[in-house]
Amino acid sequence: MPICPPSSESSPAPGLGGRALIFHGLALGAAAAAAAAAAYLYRRPGGFRGRAVGIIPARFASSRFEGKPLAPILGKPMIQRTWERVMLASSLDHVGSERCCEALQKLNKHYDIVVNIQGDEPLIEPEIIDGVVMALQRAPDAVFSTAVTALKPEDASDTNRVKCVLDNQGYAIYFSRGLIPFNKSGKVNPQFPYLLHLGIAGFDSKFLKIYPELPPTPLQLEEDLEQLKVLENGYRMKVIKVDHDAHGVDAPEDVEKIEALMRARNIQ
């Protein structure tokens with residue numbers, strides 16, 4: 001989840017099913033959010049967060065896959081593939097390709113929400129981007145929004161697959177590279193709905209400006225997950241649940257898998 005600066009963290013076709021899951025997640029905790037809305041909006045001039053910008057940070061010198069943003073996927077650089085998917089989102093007023101903080105400083109226009117989209121997600125669904133934007137718009141007590149999907153059993157012990165637990169109002173409690181929750185048997189419970197964190201995040205633009213000034217936190221450093229700094233400093237994070245096969249490109253061998261999926265879905 002790259003924020004400022006980025007660090008390494010790594011679908012069904014758009015349809016009514018995906019949209020239903022997104023809006024179901026948005027509905028969680030509406031009553032509780034409303035209770036805090038008046039006080040939060042009083043502190044935050046401008047009220048409703050209307051304008052959103054999408055940022056696609058991309059690092060050429062990746063330790064696992066150098067030159068990854070330019071890796072060809074069916075004849076186009078991966079970063080272009082991701083950009084084309086992002087441009088299908090209806091909630092974004094602008095799309096850029098730098099680190100979030102740097103891009104926000106360079107933009108001449110004001111944006112209320114900054115959406116960080118991983119450059120190695122060439123199959124990201126535009127509905128997920130729109131859902132993350134709407135989640136932050138509808139949860140004025142949150143400064144951060146993101147998405148999760150069902151964790152596959154084979155990914156339970158993969159430390160590159162970040163897991164998440166939520167409260168009953170749809171706010172993040174914790175993220176971990178280990179399996180959470182972890183039961184006393186020490187085994188994966190096939191009946192439990194474990195959640196996988198997706199590499200997308202929406203930020204309140206005012207919070208994004210102060211985020212770099214927050215000191216590193218113990219849990220952030222131990223897990224090497226920047227979103228934990230948000231939680232450890234007492235800020236709230238709204239999370240939506242989506243139906244999405246996570247197909248990020250972490251290593252060169254992942255390119256062939258992505259290309260096979262694109263051919264199967266007739267994506268040119």
# chains A, B, ... in the order shown; residues from 1 in each chain; ligands from 1
$ select_by_dssp --residues "region 28-237 of chain A" --states "helix (DSSP H, G or I)" --output "count of residues only"
70
$ closest_atom_pairs --of "region 113-227 of chain A" --to "region 239-251 of chain A" --cutoff "7 Å" --atoms "only C-alpha atoms" --output "JSON lines"
{"residue": "A:Asp120", "atom": "CA", "partner": "A:Val249", "partner_atom": "CA", "distance": 5.2}
{"residue": "A:Glu121", "atom": "CA", "partner": "A:Gly248", "partner_atom": "CA", "distance": 4.7}
{"residue": "A:Leu123", "atom": "CA", "partner": "A:His247", "partner_atom": "CA", "distance": 6.8}
{"residue": "A:Ser145", "atom": "CA", "partner": "A:Val239", "partner_atom": "CA", "distance": 5.6}
{"residue": "A:Thr146", "atom": "CA", "partner": "A:Val239", "partner_atom": "CA", "distance": 5.0}
{"residue": "A:Ala147", "atom": "CA", "partner": "A:Ile240", "partner_atom": "CA", "distance": 4.8}
{"residue": "A:Val148", "atom": "CA", "partner": "A:Lys241", "partner_atom": "CA", "distance": 5.1}
{"residue": "A:Thr149", "atom": "CA", "partner": "A:Val242", "partner_atom": "CA", "distance": 5.2}
{"residue": "A:Gly170", "atom": "CA", "partner": "A:Val239", "partner_atom": "CA", "distance": 5.6}
{"residue": "A:Tyr171", "atom": "CA", "partner": "A:Val239", "partner_atom": "CA", "distance": 5.6}
{"residue": "A:Ala172", "atom": "CA", "partner": "A:Val239", "partner_atom": "CA", "distance": 6.3}
$ atom_distance --atom1 "CA of Ile267 (chain A)" --atom2 "CA of Ala135 (chain A)"
28.2 Å
$ select_by_dssp --residues "region 77-177 of chain A" --states "strand (DSSP E or B)" --output "ChimeraX atom specification"
/A:77,94-96,113-117,144-150,163-166,171-176
$ residues_around --residues "Glu253 (chain A)" --least-positions-apart "6" --cutoff "12 Å" --atoms "only C-alpha atoms" --output "short mmCIF file (atom, residue, chain, number, x, y, z; two decimals) with N, CA, C and O atoms, in the first residue's frame"
data_model
loop_
_atom_site.label_atom_id
_atom_site.label_comp_id
_atom_site.auth_asym_id
_atom_site.auth_seq_id
_atom_site.Cartn_x
_atom_site.Cartn_y
_atom_site.Cartn_z
N ARG A 64 11.72 -7.14 -6.46
CA ARG A 64 11.30 -8.44 -6.97
C ARG A 64 11.13 -8.46 -8.49
O ARG A 64 11.12 -9.51 -9.11
N PHE A 65 10.96 -7.27 -9.10
CA PHE A 65 10.66 -7.23 -10.53
C PHE A 65 11.09 -5.86 -11.05
O PHE A 65 10.29 -4.96 -11.21
N LYS A 68 9.20 -3.22 -13.60
CA LYS A 68 7.84 -3.76 -13.65
C LYS A 68 6.83 -2.86 -14.35
O LYS A 68 6.01 -3.35 -15.13
N ALA A 71 6.78 -3.52 -18.03
CA ALA A 71 6.68 -4.90 -18.49
C ALA A 71 5.51 -5.03 -19.47
O ALA A 71 4.39 -4.60 -19.18
N ILE A 73 2.36 -6.32 -21.39
CA ILE A 73 1.24 -7.24 -21.17
C ILE A 73 0.37 -7.19 -22.42
O ILE A 73 -0.28 -6.17 -22.69
N GLU A 259 -1.94 -12.30 -18.67
CA GLU A 259 -2.24 -12.36 -20.11
C GLU A 259 -3.26 -13.45 -20.41
O GLU A 259 -4.16 -13.27 -21.24
N ALA A 260 -3.15 -14.59 -19.71
CA ALA A 260 -4.12 -15.68 -19.91
C ALA A 260 -5.53 -15.25 -19.49
O ALA A 260 -6.51 -15.54 -20.18
#
$ atom_distance --atom1 "CA of Trp83 (chain A)" --atom2 "CA of Pro122 (chain A)"
7.8 Å
$ closest_residue --among "A:Leu196, A:Ile56, A:Val114, A:Ile124" --to "Pro69 (chain A)" --atoms "only C-alpha atoms"
A:Ile56
$ atom_distance --atom1 "CA of Asp158 (chain A)" --atom2 "CA of Gly178 (chain A)"
7.6 Å
$ residues_around --residues "Leu219 (chain A)" --least-positions-apart "5" --cutoff "10 Å" --atoms "only C-alpha atoms" --output "PDB file with all heavy atoms, in the first residue's frame"
ATOM      1  N   TYR A 174      -7.588  -4.053  12.103  1.00  0.00           N
ATOM      2  CA  TYR A 174      -6.155  -4.358  11.991  1.00  0.00           C
ATOM      3  C   TYR A 174      -5.854  -4.978  10.632  1.00  0.00           C
ATOM      4  O   TYR A 174      -6.723  -5.586   9.991  1.00  0.00           O
ATOM      5  CB  TYR A 174      -5.738  -5.329  13.112  1.00  0.00           C
ATOM      6  CG  TYR A 174      -4.234  -5.459  13.267  1.00  0.00           C
ATOM      7  CD1 TYR A 174      -3.475  -4.385  13.724  1.00  0.00           C
ATOM      8  CD2 TYR A 174      -3.575  -6.647  12.950  1.00  0.00           C
ATOM      9  CE1 TYR A 174      -2.098  -4.493  13.858  1.00  0.00           C
ATOM     10  CE2 TYR A 174      -2.196  -6.761  13.082  1.00  0.00           C
ATOM     11  CZ  TYR A 174      -1.462  -5.683  13.535  1.00  0.00           C
ATOM     12  OH  TYR A 174      -0.097  -5.787  13.657  1.00  0.00           O
ATOM     13  N   PHE A 175      -4.612  -4.809  10.195  1.00  0.00           N
ATOM     14  CA  PHE A 175      -4.066  -5.456   9.003  1.00  0.00           C
ATOM     15  C   PHE A 175      -2.834  -6.244   9.410  1.00  0.00           C
ATOM     16  O   PHE A 175      -2.076  -5.819  10.283  1.00  0.00           O
ATOM     17  CB  PHE A 175      -3.658  -4.414   7.955  1.00  0.00           C
ATOM     18  CG  PHE A 175      -4.785  -3.593   7.408  1.00  0.00           C
ATOM     19  CD1 PHE A 175      -5.206  -2.444   8.066  1.00  0.00           C
ATOM     20  CD2 PHE A 175      -5.420  -3.956   6.232  1.00  0.00           C
ATOM     21  CE1 PHE A 175      -6.241  -1.674   7.562  1.00  0.00           C
ATOM     22  CE2 PHE A 175      -6.461  -3.187   5.714  1.00  0.00           C
ATOM     23  CZ  PHE A 175      -6.874  -2.048   6.386  1.00  0.00           C
ATOM     24  N   SER A 176      -2.615  -7.378   8.755  1.00  0.00           N
ATOM     25  CA  SER A 176      -1.434  -8.179   9.097  1.00  0.00           C
ATOM     26  C   SER A 176      -0.990  -9.016   7.908  1.00  0.00           C
ATOM     27  O   SER A 176      -1.804  -9.410   7.060  1.00  0.00           O
ATOM     28  CB  SER A 176      -1.741  -9.109  10.282  1.00  0.00           C
ATOM     29  OG  SER A 176      -0.607  -9.901  10.603  1.00  0.00           O
ATOM     30  N   ASP A 224       5.502  -3.860   8.456  1.00  0.00           N
ATOM     31  CA  ASP A 224       5.872  -3.188   7.213  1.00  0.00           C
ATOM     32  C   ASP A 224       4.618  -2.893   6.387  1.00  0.00           C
ATOM     33  O   ASP A 224       4.533  -3.187   5.200  1.00  0.00           O
ATOM     34  CB  ASP A 224       6.857  -4.021   6.403  1.00  0.00           C
ATOM     35  CG  ASP A 224       7.446  -3.232   5.227  1.00  0.00           C
ATOM     36  OD1 ASP A 224       7.418  -1.980   5.278  1.00  0.00           O
ATOM     37  OD2 ASP A 224       7.915  -3.865   4.250  1.00  0.00           O
ATOM     38  N   LEU A 225       3.629  -2.284   7.067  1.00  0.00           N
ATOM     39  CA  LEU A 225       2.364  -1.907   6.432  1.00  0.00           C
ATOM     40  C   LEU A 225       2.039  -0.473   6.826  1.00  0.00           C
ATOM     41  O   LEU A 225       1.776  -0.185   7.992  1.00  0.00           O
ATOM     42  CB  LEU A 225       1.234  -2.846   6.883  1.00  0.00           C
ATOM     43  CG  LEU A 225       1.373  -4.318   6.481  1.00  0.00           C
ATOM     44  CD1 LEU A 225       0.270  -5.142   7.113  1.00  0.00           C
ATOM     45  CD2 LEU A 225       1.369  -4.463   4.963  1.00  0.00           C
ATOM     46  N   GLU A 226       2.033   0.419   5.853  1.00  0.00           N
ATOM     47  CA  GLU A 226       1.854   1.835   6.159  1.00  0.00           C
ATOM     48  C   GLU A 226       0.460   2.181   6.664  1.00  0.00           C
ATOM     49  O   GLU A 226       0.281   3.145   7.408  1.00  0.00           O
ATOM     50  CB  GLU A 226       2.192   2.682   4.930  1.00  0.00           C
ATOM     51  CG  GLU A 226       3.664   2.631   4.562  1.00  0.00           C
ATOM     52  CD  GLU A 226       4.037   3.711   3.570  1.00  0.00           C
ATOM     53  OE1 GLU A 226       3.330   4.735   3.510  1.00  0.00           O
ATOM     54  OE2 GLU A 226       5.024   3.534   2.854  1.00  0.00           O
ATOM     55  N   GLN A 227      -0.537   1.392   6.273  1.00  0.00           N
ATOM     56  CA  GLN A 227      -1.883   1.711   6.735  1.00  0.00           C
ATOM     57  C   GLN A 227      -2.030   1.551   8.252  1.00  0.00           C
ATOM     58  O   GLN A 227      -2.928   2.146   8.867  1.00  0.00           O
ATOM     59  CB  GLN A 227      -2.943   0.864   6.017  1.00  0.00           C
ATOM     60  CG  GLN A 227      -2.801  -0.643   6.189  1.00  0.00           C
ATOM     61  CD  GLN A 227      -1.992  -1.254   5.073  1.00  0.00           C
ATOM     62  OE1 GLN A 227      -1.004  -0.682   4.630  1.00  0.00           O
ATOM     63  NE2 GLN A 227      -2.412  -2.425   4.604  1.00  0.00           N
ATOM     64  N   LEU A 228      -1.129   0.776   8.878  1.00  0.00           N
ATOM     65  CA  LEU A 228      -1.197   0.629  10.329  1.00  0.00           C
ATOM     66  C   LEU A 228      -0.836   1.932  11.038  1.00  0.00           C
ATOM     67  O   LEU A 228      -1.298   2.180  12.160  1.00  0.00           O
ATOM     68  CB  LEU A 228      -0.281  -0.503  10.790  1.00  0.00           C
ATOM     69  CG  LEU A 228      -0.763  -1.909  10.426  1.00  0.00           C
ATOM     70  CD1 LEU A 228       0.265  -2.954  10.861  1.00  0.00           C
ATOM     71  CD2 LEU A 228      -2.116  -2.211  11.048  1.00  0.00           C
ATOM     72  N   LYS A 229      -0.045   2.775  10.397  1.00  0.00           N
ATOM     73  CA  LYS A 229       0.260   4.077  11.002  1.00  0.00           C
ATOM     74  C   LYS A 229      -0.994   4.925  11.124  1.00  0.00           C
ATOM     75  O   LYS A 229      -1.151   5.704  12.069  1.00  0.00           O
ATOM     76  CB  LYS A 229       1.339   4.808  10.188  1.00  0.00           C
ATOM     77  CG  LYS A 229       1.760   6.122  10.828  1.00  0.00           C
ATOM     78  CD  LYS A 229       3.045   6.681  10.217  1.00  0.00           C
ATOM     79  CE  LYS A 229       2.841   7.289   8.869  1.00  0.00           C
ATOM     80  NZ  LYS A 229       4.026   8.097   8.432  1.00  0.00           N
ATOM     81  N   LEU A 231      -4.094   3.735  11.615  1.00  0.00           N
ATOM     82  CA  LEU A 231      -4.872   3.197  12.737  1.00  0.00           C
ATOM     83  C   LEU A 231      -4.210   3.481  14.078  1.00  0.00           C
ATOM     84  O   LEU A 231      -4.892   3.836  15.054  1.00  0.00           O
ATOM     85  CB  LEU A 231      -5.062   1.695  12.562  1.00  0.00           C
ATOM     86  CG  LEU A 231      -5.875   1.236  11.344  1.00  0.00           C
ATOM     87  CD1 LEU A 231      -5.961  -0.281  11.308  1.00  0.00           C
ATOM     88  CD2 LEU A 231      -7.260   1.857  11.364  1.00  0.00           C
ATOM     89  N   GLU A 232      -2.896   3.329  14.157  1.00  0.00           N
ATOM     90  CA  GLU A 232      -2.194   3.538  15.434  1.00  0.00           C
ATOM     91  C   GLU A 232      -2.265   4.986  15.903  1.00  0.00           C
ATOM     92  O   GLU A 232      -2.139   5.254  17.100  1.00  0.00           O
ATOM     93  CB  GLU A 232      -0.736   3.104  15.318  1.00  0.00           C
ATOM     94  CG  GLU A 232      -0.537   1.593  15.371  1.00  0.00           C
ATOM     95  CD  GLU A 232       0.917   1.210  15.447  1.00  0.00           C
ATOM     96  OE1 GLU A 232       1.470   1.112  16.560  1.00  0.00           O
ATOM     97  OE2 GLU A 232       1.531   1.028  14.373  1.00  0.00           O
TER      98      GLU A 232
END
